[in-house]
>>> print(open('final.txt').read())   # compact mmCIF, C-alpha atoms
# COMPACT_ATOMS: atom_id res chain seq x y z
CA MET D 164 45.06 -54.71 -28.48
CA SER D 165 44.78 -51.28 -26.82
CA ARG D 166 42.51 -48.82 -28.62
CA THR D 167 44.74 -45.77 -28.49
CA HIS D 168 47.42 -45.56 -31.14
CA PRO D 169 50.97 -45.14 -29.90
CA SER D 170 52.58 -41.77 -30.60
CA GLU D 171 54.54 -41.27 -33.81
CA GLU D 172 57.69 -41.16 -31.71
CA VAL D 173 56.96 -44.72 -30.54
CA LEU D 174 56.37 -45.79 -34.14
CA GLN D 175 59.82 -44.45 -35.10
CA GLN D 176 61.25 -46.22 -32.08
CA PHE D 177 59.57 -49.45 -33.24
CA VAL D 178 61.29 -49.17 -36.61
CA LEU D 179 64.73 -48.28 -35.25
CA GLU D 180 64.95 -49.99 -31.85
CA ALA D 181 61.91 -52.22 -31.35
CA VAL D 182 63.44 -53.64 -28.16
CA THR D 183 62.83 -50.33 -26.39
CA CYS D 184 59.05 -50.50 -27.03
CA SER D 185 56.73 -52.05 -24.46
CA ALA D 186 54.96 -55.37 -25.15
CA GLU D 187 51.61 -53.56 -25.29
CA GLU D 188 52.90 -51.07 -27.88
CA ILE D 189 54.39 -53.84 -30.02
CA SER D 190 51.18 -55.87 -29.91
CA HIS D 191 49.12 -52.83 -30.95
CA ILE D 192 51.44 -51.89 -33.81
CA GLU D 193 51.57 -55.44 -35.14
CA SER D 194 47.79 -55.73 -35.31
CA CYS D 195 46.82 -52.16 -36.34
CA PRO D 196 46.74 -51.50 -40.11
CA GLU D 197 46.97 -47.72 -39.61
CA CYS D 198 50.10 -47.98 -37.46
CA GLN D 199 51.52 -50.63 -39.81
CA SER D 200 51.20 -48.18 -42.70
CA THR D 201 53.12 -45.46 -40.83
CA VAL D 202 55.73 -48.00 -39.73
CA ALA D 203 56.18 -49.14 -43.33
CA THR D 204 56.78 -45.51 -44.42
CA TYR D 205 59.37 -45.03 -41.69
CA LYS D 206 61.08 -48.30 -42.64
CA VAL D 207 61.46 -47.09 -46.22
CA LEU D 208 62.67 -43.71 -44.98
CA ALA D 209 65.27 -45.24 -42.63
CA GLY D 210 66.53 -47.54 -45.39
CA GLU D 211 66.82 -44.72 -47.89
CA LEU D 212 68.52 -42.40 -45.37
CA ALA D 213 71.16 -45.03 -44.62
CA GLY D 214 71.70 -45.53 -48.35
CA LEU D 215 72.27 -41.85 -49.23
CA ALA D 216 75.77 -41.00 -50.40
CA ALA D 217 77.92 -39.89 -47.46
CA PRO D 218 79.38 -36.41 -47.80
CA ALA D 219 83.08 -36.39 -48.63
CA PHE D 220 85.67 -33.66 -49.01
CA ASP D 221 86.50 -32.74 -52.60
CA PHE D 222 90.20 -32.34 -51.74
CA ASP D 223 92.94 -34.55 -50.33
CA LEU D 224 92.45 -34.01 -46.61
CA VAL D 225 95.63 -35.79 -45.49
CA ALA D 226 97.80 -33.70 -47.82
CA ALA D 227 96.05 -30.49 -46.74
CA VAL D 228 96.49 -31.31 -43.06
CA ILE D 229 100.13 -32.29 -43.39
CA GLY D 230 100.83 -29.06 -45.29
CA GLN D 231 99.15 -27.07 -42.53
CA LEU D 232 101.09 -28.92 -39.80
CA GLU D 233 104.41 -28.27 -41.51
CA GLU D 234 103.57 -24.57 -41.71
CA ALA D 235 102.58 -24.52 -38.05
CA ALA D 236 105.75 -26.39 -37.04
CA ALA D 237 108.01 -23.83 -38.77
CA PRO D 238 110.02 -21.91 -36.14
CA GLN D 239 108.25 -18.72 -35.14
CA ALA D 240 110.00 -15.49 -34.29
CA LYS D 241 110.32 -15.34 -30.48
CA MET D 242 110.22 -12.13 -28.50
CA PRO D 243 113.76 -11.26 -27.36
CA LYS D 244 114.38 -11.67 -23.63
CA GLY D 245 115.46 -8.02 -23.34
CA THR D 246 112.03 -6.85 -24.56
CA ILE D 247 110.25 -9.06 -22.01
CA VAL D 248 112.39 -7.63 -19.17
CA LEU D 249 111.72 -4.08 -20.39
CA ILE D 250 107.95 -4.62 -20.48
CA ALA D 251 107.98 -6.20 -17.01
CA ALA D 252 110.01 -3.30 -15.64
CA PHE D 253 107.60 -0.82 -17.27
CA ILE D 254 104.71 -2.39 -15.33
CA VAL D 255 106.38 -3.28 -12.04
CA ILE D 256 108.43 -0.10 -11.35
CA PRO D 257 105.49 2.41 -11.46
CA LEU D 258 103.39 0.00 -9.35
CA TRP D 259 106.22 -0.14 -6.77
CA LEU D 260 106.78 3.64 -6.76
CA PHE D 261 103.09 4.53 -6.39
CA ARG D 262 102.08 1.61 -4.19
CA LYS D 263 100.90 3.86 -1.30
CA SER D 264 98.67 5.99 -3.56
CA ALA D 265 97.27 2.88 -5.19
CA TYR D 266 96.20 1.63 -1.75
CA PHE D 267 94.23 4.83 -1.05
CA VAL D 268 92.43 4.65 -4.38
CA PHE D 269 90.56 1.63 -3.05
CA THR D 270 90.25 2.53 0.67
CA ASP D 271 89.15 6.19 0.33
CA MET D 272 86.25 5.62 -2.05
CA SER D 273 82.85 6.82 -0.86
CA ALA D 274 79.79 4.61 -0.48
CA VAL D 275 78.18 6.48 -3.38
CA PHE D 276 81.03 5.46 -5.66
CA TYR D 277 80.68 1.82 -4.59
CA GLY D 278 76.95 2.09 -5.27
CA LEU D 279 77.62 3.43 -8.75
CA VAL D 280 80.08 0.63 -9.50
CA PHE D 281 77.58 -2.04 -8.38
CA ALA D 282 74.72 -0.39 -10.29
CA ALA D 283 76.82 -0.32 -13.48
CA ALA D 284 77.80 -3.97 -13.00
CA GLY D 285 74.13 -4.83 -12.44
CA ILE D 286 73.11 -3.09 -15.67
CA VAL D 287 75.82 -4.91 -17.66
CA VAL D 288 74.79 -8.30 -16.26
CA GLY D 289 71.10 -7.49 -16.85
CA VAL D 290 71.70 -6.55 -20.49
CA PHE D 291 73.77 -9.71 -20.99
CA LEU D 292 71.03 -11.92 -19.53
CA LEU D 293 68.36 -10.17 -21.62
CA ARG D 294 70.36 -10.76 -24.80
CA LEU D 295 70.86 -14.40 -23.83
CA TYR D 296 67.13 -14.82 -23.25
CA LYS D 297 66.29 -13.18 -26.61
CA LYS D 298 68.73 -15.50 -28.39
CA TYR D 299 67.15 -18.50 -26.65
CA GLN D 300 63.67 -17.34 -27.71
CA GLN D 301 64.89 -16.92 -31.30
CA ILE D 302 66.20 -20.50 -31.36
CA ILE D 303 62.97 -21.88 -29.88
CA ASN D 304 60.91 -19.94 -32.45
CA LEU D 305 63.05 -21.24 -35.32
CA ILE D 306 62.71 -24.82 -34.08
CA ASN D 307 58.95 -24.51 -33.68
CA GLU D 308 58.39 -22.94 -37.11
CA MET Z 67 104.86 -50.75 -39.70
CA SER Z 68 102.77 -51.22 -42.84
CA GLN Z 69 99.97 -48.78 -43.70
CA GLN Z 70 97.42 -51.60 -43.64
CA LEU Z 71 98.43 -52.62 -40.15
CA LYS Z 72 98.10 -49.06 -38.91
CA HIS Z 73 94.39 -49.02 -39.72
CA THR Z 74 93.83 -51.85 -37.23
CA LEU Z 75 95.51 -50.04 -34.33
CA THR Z 76 93.56 -49.10 -31.20
CA ASP Z 77 92.97 -45.45 -30.30
CA ARG Z 78 95.71 -45.59 -27.66
CA GLN Z 79 98.28 -47.09 -30.03
CA LEU Z 80 97.41 -44.52 -32.68
CA VAL Z 81 97.72 -41.62 -30.24
CA ASP Z 82 101.04 -42.97 -28.92
CA LEU Z 83 102.38 -43.23 -32.47
CA ALA Z 84 101.31 -39.68 -33.33
CA LEU Z 85 102.71 -38.30 -30.06
CA GLY Z 86 105.96 -40.12 -30.74
CA GLY Z 87 106.34 -38.02 -33.88
CA ASP Z 88 105.21 -40.70 -36.36
CA MET Z 89 103.47 -38.62 -39.04
CA HIS Z 90 102.11 -41.78 -40.68
CA GLY Z 91 100.35 -42.51 -37.39
CA PHE Z 92 98.75 -39.08 -37.46
CA CYS Z 93 97.80 -39.50 -41.14
CA CYS Z 94 96.11 -42.75 -40.18
CA LEU Z 95 94.17 -40.92 -37.47
CA VAL Z 96 93.06 -38.37 -40.10
CA GLU Z 97 92.00 -41.13 -42.51
CA ASN Z 98 90.08 -42.98 -39.78
CA THR Z 99 88.06 -39.91 -38.79
CA GLU Z 100 87.77 -38.14 -42.16
CA ARG Z 101 84.31 -39.53 -42.92
CA LEU Z 102 82.88 -38.35 -39.60
CA VAL Z 103 84.43 -34.89 -39.94
CA ALA Z 104 83.16 -34.62 -43.53
CA GLN Z 105 79.71 -35.56 -42.29
CA ILE Z 106 79.71 -32.81 -39.66
CA VAL Z 107 81.44 -30.08 -41.67
CA GLY Z 108 79.54 -30.94 -44.86
CA LYS Z 109 76.17 -30.63 -43.15
CA LEU Z 110 76.80 -27.63 -40.93
CA ILE Z 111 78.83 -25.48 -43.31
CA GLN Z 112 76.99 -24.53 -46.47
CA ALA Z 113 79.84 -22.52 -48.03
CA GLU Z 114 82.05 -25.07 -49.79
CA GLU Z 115 85.01 -22.67 -49.79
CA ASP Z 116 85.04 -22.66 -45.96
CA ARG Z 117 85.06 -26.43 -45.56
CA LYS Z 118 88.75 -26.95 -46.35
CA ASP Z 119 89.79 -24.24 -43.87
CA ILE Z 120 87.67 -25.73 -41.13
CA ALA Z 121 88.83 -29.30 -41.77
CA GLN Z 122 92.47 -28.14 -41.60
CA ASP Z 123 91.79 -26.19 -38.39
CA VAL Z 124 90.11 -29.22 -36.84
CA TYR Z 125 93.14 -31.46 -37.36
CA LEU Z 126 95.54 -28.72 -36.30
CA LYS Z 127 93.63 -28.52 -33.01
CA VAL Z 128 93.61 -32.33 -32.76
CA PHE Z 129 97.39 -32.38 -33.28
CA ARG Z 130 98.02 -29.65 -30.70
CA ASN Z 131 95.70 -31.12 -28.06
CA LEU Z 132 96.43 -34.81 -28.61
CA LYS Z 133 98.61 -34.86 -25.49
CA GLY Z 134 95.61 -33.84 -23.40
CA PHE Z 135 93.30 -36.56 -24.78
CA LYS Z 136 92.30 -38.64 -21.75
CA PHE Z 137 90.68 -41.63 -23.52
CA GLN Z 138 87.41 -40.93 -21.71
CA SER Z 139 85.63 -41.30 -25.04
CA LYS Z 140 86.46 -42.82 -28.41
CA LEU Z 141 89.08 -40.88 -30.33
CA SER Z 142 86.58 -40.37 -33.17
CA THR Z 143 84.03 -38.88 -30.75
CA TRP Z 144 86.66 -36.42 -29.50
CA VAL Z 145 87.62 -35.44 -33.05
CA GLY Z 146 83.91 -35.12 -33.85
CA GLN Z 147 83.46 -32.76 -30.88
CA ILE Z 148 86.31 -30.58 -32.11
CA ALA Z 149 84.84 -30.52 -35.62
CA TYR Z 150 81.35 -29.66 -34.35
CA ASN Z 151 82.66 -26.83 -32.15
CA ALA Z 152 84.86 -25.49 -34.96
CA CYS Z 153 81.79 -25.33 -37.22
CA LEU Z 154 79.72 -23.60 -34.53
CA ASN Z 155 82.46 -21.02 -33.97
CA ARG Z 156 82.66 -20.30 -37.69
CA LEU Z 157 78.88 -19.96 -37.98
CA GLN Z 158 78.79 -17.71 -34.92
CA LYS Z 159 81.40 -15.43 -36.51
CA GLN Z 160 79.25 -15.25 -39.63
CA GLN Z 161 76.15 -14.73 -37.46
CA LEU Z 162 74.50 -17.82 -38.91
CA THR Z 163 72.44 -20.34 -37.00
CA ILE Z 164 72.18 -24.10 -37.19
CA TYR Z 165 68.54 -24.04 -36.16
CA GLY Z 166 66.98 -22.06 -38.99
CA PRO Z 167 66.54 -23.05 -42.62
CA PRO Z 168 69.84 -23.64 -44.45
CA GLU Z 169 71.68 -20.54 -45.68
CA ARG Z 170 71.53 -21.77 -49.26
CA ALA Z 171 68.14 -23.47 -49.21
CA ALA Z 172 67.69 -26.00 -51.97
CA GLU Z 173 65.78 -24.50 -54.86
CA ASP Z 174 62.30 -25.76 -55.45
CA GLU Z 175 63.26 -28.51 -57.80
CA THR Z 176 60.53 -30.87 -56.69
CA ASP Z 177 58.72 -30.92 -60.04
CA ARG Z 178 61.91 -31.60 -61.96
CA LEU Z 179 63.00 -34.26 -59.48
CA LEU Z 180 59.59 -35.93 -59.60
CA LEU Z 181 60.21 -36.66 -63.23
CA GLN Z 182 63.16 -38.76 -62.17
CA LYS Z 183 60.91 -40.59 -59.71
CA GLU Z 184 63.90 -41.53 -57.66
CA LEU Z 185 63.15 -41.60 -54.00
CA LYS Z 186 66.82 -41.17 -53.10
CA VAL Z 187 67.16 -37.99 -55.14
CA LEU Z 188 63.95 -36.55 -53.72
CA LEU Z 189 64.97 -37.49 -50.20
CA ALA Z 190 68.40 -35.89 -50.59
CA ALA Z 191 66.72 -32.68 -51.78
CA GLU Z 192 64.26 -32.69 -48.89
CA LEU Z 193 67.07 -33.40 -46.43
CA ALA Z 194 68.96 -30.38 -47.74
CA ARG Z 195 65.98 -28.19 -46.82
CA LEU Z 196 66.12 -29.13 -43.15
CA PRO Z 197 67.97 -26.92 -40.65
CA PRO Z 198 71.70 -27.81 -40.57
CA ILE Z 199 71.45 -29.23 -37.05
CA TYR Z 200 68.79 -31.73 -38.20
CA GLN Z 201 70.86 -32.68 -41.26
CA THR Z 202 73.90 -33.28 -39.06
CA LEU Z 203 72.03 -35.43 -36.55
CA ILE Z 204 70.43 -37.49 -39.34
CA GLY Z 205 73.87 -38.01 -40.90
CA LEU Z 206 75.46 -39.06 -37.61
CA TYR Z 207 72.64 -41.45 -36.68
CA HIS Z 208 71.66 -43.00 -40.02
CA HIS Z 209 74.98 -42.81 -41.87
CA GLU Z 210 77.65 -43.09 -39.24
CA GLU Z 211 75.43 -45.35 -37.11
CA LEU Z 212 76.38 -43.54 -33.92
CA SER Z 213 74.31 -44.01 -30.77
CA TYR Z 214 72.25 -41.19 -29.24
CA LEU Z 215 74.85 -41.04 -26.46
CA GLU Z 216 77.76 -40.62 -28.88
CA ILE Z 217 75.88 -37.94 -30.82
CA ALA Z 218 75.14 -36.17 -27.54
CA ALA Z 219 78.86 -36.29 -26.68
CA ILE Z 220 79.84 -34.81 -30.05
CA THR Z 221 77.26 -32.05 -30.13
CA GLY Z 222 77.12 -31.28 -26.43
CA LEU Z 223 73.31 -31.52 -26.60
CA PRO Z 224 71.43 -33.52 -23.94
CA GLU Z 225 70.56 -37.05 -25.10
CA GLY Z 226 66.83 -36.28 -24.85
CA THR Z 227 67.25 -33.26 -27.12
CA VAL Z 228 69.13 -35.36 -29.68
CA LYS Z 229 66.27 -37.90 -29.69
CA SER Z 230 63.65 -35.19 -29.96
CA TYR Z 231 65.44 -33.36 -32.83
CA LEU Z 232 65.90 -36.66 -34.68
CA PHE Z 233 62.23 -37.50 -34.23
CA ARG Z 234 61.18 -34.10 -35.61
CA ALA Z 235 63.61 -34.36 -38.52
CA ARG Z 236 62.35 -37.83 -39.55
CA LYS Z 237 58.73 -36.76 -39.16
CA GLN Z 238 59.35 -33.65 -41.27
CA LEU Z 239 61.02 -35.80 -43.95
CA LYS Z 240 58.23 -38.37 -43.89
CA ASP Z 241 55.52 -35.68 -44.13
CA SER Z 242 57.20 -33.85 -46.99
CA MET Z 243 57.86 -37.08 -48.91
CA LEU Z 244 54.23 -38.16 -48.47
CA SER Z 245 52.93 -34.76 -49.58
CA ILE Z 246 55.13 -34.90 -52.71
CA TYR Z 247 53.86 -38.34 -53.64
CA LYS Z 248 50.22 -37.35 -52.96
CA LYS Z 249 50.69 -34.27 -55.15
CA GLU Z 250 52.06 -36.50 -57.88
CA LYS Z 251 49.01 -38.78 -57.71
CA LEU Z 252 46.66 -35.79 -58.12
>>> encode(input="final.txt", output="structure tokens")
Amino acid sequence: MSRTHPSEEVLQQFVLEAVTCSAEEISHIESCPECQSTVATYKVLAGELAGLAAPAFDFDLVAAVIGQLEEAAAPQAKMPKGTIVLIAAFIVIPLWLFRKSAYFVFTDMSAVFYGLVFAAAGIVVGVFLLRLYKKYQQIINLINE
Amino acid sequence: MSQQLKHTLTDRQLVDLALGGDMHGFCCLVENTERLVAQIVGKLIQAEEDRKDIAQDVYLKVFRNLKGFKFQSKLSTWVGQIAYNACLNRLQKQQLTIYGPPERAAEDETDRLLLQKELKVLLAAELARLPPIYQTLIGLYHHEELSYLEIAAITGLPEGTVKSYLFRARKQLKDSMLSIYKKEKL
């Protein structure tokens, strides 16, 4: 029998899936009273967890879902075709009329303006990444508490 | 086709029935996955009044996206994924997290529960104190008997993370149960 006790993770593994433990670990656990005691506690815990009442909805789910589906399947008011054509014309016609000016907006910009645009984009991305990192740190702290 | 027979259908047959407009087929799909969805929604969403809304939304999404289901996983795993993501979206809107202590933490009823000396009752109370993500993983592994891989597919967490969270949750439960019983002996 090896002298060092297996980690508690291995003891849990022994209770739930003994086949994944090594022969050395199994032999230690089977002959060590201290590990046996922890294993016994985990066995009780696993048994009790499996025996807890499963959560169930306190309403008739099938009826609720069918009701919802019938509502969703009810015909919805469609946008008239005339309105769609009008909106498209409202966007396309000005673009067509001012197409030459629109081209110069992008070609005549100075290097300073480009610099400003990139700097602004950089700041936005930086702030986003910082917020993401803070959120990650928060989650790690909560887990480690 | 009789109702009883429908419960023995494979995922593909069930999906084909539902896509063919057979509402009984879809109802059967709902019945087959209700327990799993209740497990996920019940553990992640503390507000009982929100649970019905979410469950309805989950099956509405299932119905709308059924055509796109590619049978790359079990149907129940796919429904579980939708339920898990629906819960996360709801919690995100409410700026709640699944990693911290539960929103409505169980009151300290330990002394009263000790009088009952029922391990199950104590354990249920201790379980309710764990972060919602731990409660959900415990439910999926110990109740629904899903594998680490299936749980990883539902939650989108790496398999190693699922194992590690489950280990911590069980250890936390074991430690708190032992401390309660030691306190009782004193």
>>> closest_atom_pairs(input="final.txt", of="chain Z", to="chain D", cutoff="6 Å", atoms="all atoms listed in the file", output="CSV")
residue,atom,partner,partner_atom,distance
Z:Ala104,CA,D:Ala219,CA,5.4
Z:Gln105,CA,D:Pro218,CA,5.6
Z:Gln122,CA,D:Val228,CA,5.3
Z:Gly166,CA,D:Leu305,CA,5.4
Z:His208,CA,D:Ala213,CA,5.1
Z:His209,CA,D:Ala213,CA,5.2
>>> write_last_selection(input="final.txt", atoms="C-alpha atoms", output="tab-separated table (two decimals), in the coordinates of the input")
chain	number	residue	atom	x	y	z
Z	104	ALA	CA	83.16	-34.62	-43.53
Z	105	GLN	CA	79.71	-35.56	-42.29
Z	122	GLN	CA	92.47	-28.14	-41.60
Z	166	GLY	CA	66.98	-22.06	-38.99
Z	208	HIS	CA	71.66	-43.00	-40.02
Z	209	HIS	CA	74.98	-42.81	-41.87
>>> atom_distance(input="final.txt", atom1="CA of Glu188 in chain D", atom2="CA of Ser170 in chain D")
9.7 Å
>>> residues_around(input="final.txt", residues="Leu80 in chain Z", least_positions_apart="5", cutoff="8 Å", atoms="only C-alpha atoms", output="list in words")
Lys72, Leu75, Gly91, Phe92, Cys94 and Leu95 of chain Z
>>> atom_distance(input="final.txt", atom1="CA of Arg236 in chain Z", atom2="CA of Phe177 in chain D")
13.5 Å
>>> residues_near_point(input="final.txt", point="(54.3, -56.1, -34.6)", cutoff="12 Å", atoms="all atoms listed in the file", output="PDB file with C-alpha atoms, in the coordinates of the input")
ATOM      1  CA  MET D 164      45.060 -54.710 -28.480  1.00  0.00           C
ATOM      2  CA  LEU D 174      56.370 -45.790 -34.140  1.00  0.00           C
ATOM      3  CA  PHE D 177      59.570 -49.450 -33.240  1.00  0.00           C
ATOM      4  CA  VAL D 178      61.290 -49.170 -36.610  1.00  0.00           C
ATOM      5  CA  ALA D 181      61.910 -52.220 -31.350  1.00  0.00           C
ATOM      6  CA  VAL D 182      63.440 -53.640 -28.160  1.00  0.00           C
ATOM      7  CA  CYS D 184      59.050 -50.500 -27.030  1.00  0.00           C
ATOM      8  CA  SER D 185      56.730 -52.050 -24.460  1.00  0.00           C
ATOM      9  CA  ALA D 186      54.960 -55.370 -25.150  1.00  0.00           C
ATOM     10  CA  GLU D 187      51.610 -53.560 -25.290  1.00  0.00           C
ATOM     11  CA  GLU D 188      52.900 -51.070 -27.880  1.00  0.00           C
ATOM     12  CA  ILE D 189      54.390 -53.840 -30.020  1.00  0.00           C
ATOM     13  CA  SER D 190      51.180 -55.870 -29.910  1.00  0.00           C
ATOM     14  CA  HIS D 191      49.120 -52.830 -30.950  1.00  0.00           C
ATOM     15  CA  ILE D 192      51.440 -51.890 -33.810  1.00  0.00           C
ATOM     16  CA  GLU D 193      51.570 -55.440 -35.140  1.00  0.00           C
ATOM     17  CA  SER D 194      47.790 -55.730 -35.310  1.00  0.00           C
ATOM     18  CA  CYS D 195      46.820 -52.160 -36.340  1.00  0.00           C
ATOM     19  CA  PRO D 196      46.740 -51.500 -40.110  1.00  0.00           C
ATOM     20  CA  CYS D 198      50.100 -47.980 -37.460  1.00  0.00           C
ATOM     21  CA  GLN D 199      51.520 -50.630 -39.810  1.00  0.00           C
ATOM     22  CA  SER D 200      51.200 -48.180 -42.700  1.00  0.00           C
ATOM     23  CA  VAL D 202      55.730 -48.000 -39.730  1.00  0.00           C
ATOM     24  CA  ALA D 203      56.180 -49.140 -43.330  1.00  0.00           C
TER      25      ALA D 203
END
>>> atom_distance(input="final.txt", atom1="CA of Leu215 in chain Z", atom2="CA of Ser142 in chain Z")
13.5 Å
>>> closest_residue(input="final.txt", among="Z:Tyr231, Z:Asp88, Z:Leu110, Z:Glu115", to="Gln158 in chain Z", atoms="only C-alpha atoms")
Z:Leu110
>>> residues_near_point(input="final.txt", point="(70.7, -37.3, -28.8)", cutoff="8 Å", atoms="all atoms listed in the file", output="JSON, numbers by chain")
{"Z": [213, 214, 215, 216, 217, 218, 223, 224, 225, 226, 227, 228, 229, 230, 231, 232]}
>>> closest_residue(input="final.txt", among="Z:Leu185, Z:Ala113, Z:Ala121, Z:Leu203", to="Arg101 in chain Z", atoms="all atoms listed in the file")
Z:Ala121
>>> closest_residue(input="final.txt", among="Z:Tyr125, Z:Leu239, Z:Lys140, Z:Asn151", to="Glu97 in chain Z", atoms="all atoms listed in the file")
Z:Tyr125
>>> residues_around(input="final.txt", residues="Leu141 in chain Z", least_positions_apart="2", cutoff="9 Å", atoms="all atoms listed in the file", output="PyMOL selection string")
chain Z and resi 77-78+81+95+99+135+137-139+143-146
>>> residues_around(input="final.txt", residues="Gln238 in chain Z", least_positions_apart="5", cutoff="9 Å", atoms="all atoms listed in the file", output="mmCIF file with C-alpha atoms, in the frame of the given file")
data_model
loop_
_atom_site.group_PDB
_atom_site.id
_atom_site.type_symbol
_atom_site.label_atom_id
_atom_site.label_comp_id
_atom_site.auth_asym_id
_atom_site.auth_seq_id
_atom_site.Cartn_x
_atom_site.Cartn_y
_atom_site.Cartn_z
ATOM 1 C CA LEU Z 196 66.120 -29.130 -43.150
ATOM 2 C CA PHE Z 233 62.230 -37.500 -34.230
ATOM 3 C CA MET Z 243 57.860 -37.080 -48.910
#
>>> residues_around(input="final.txt", residues="Ile106 in chain Z", least_positions_apart="3", cutoff="7 Å", atoms="only C-alpha atoms", output="ChimeraX atom specification")
/Z:102-103,109-110,149-150,202
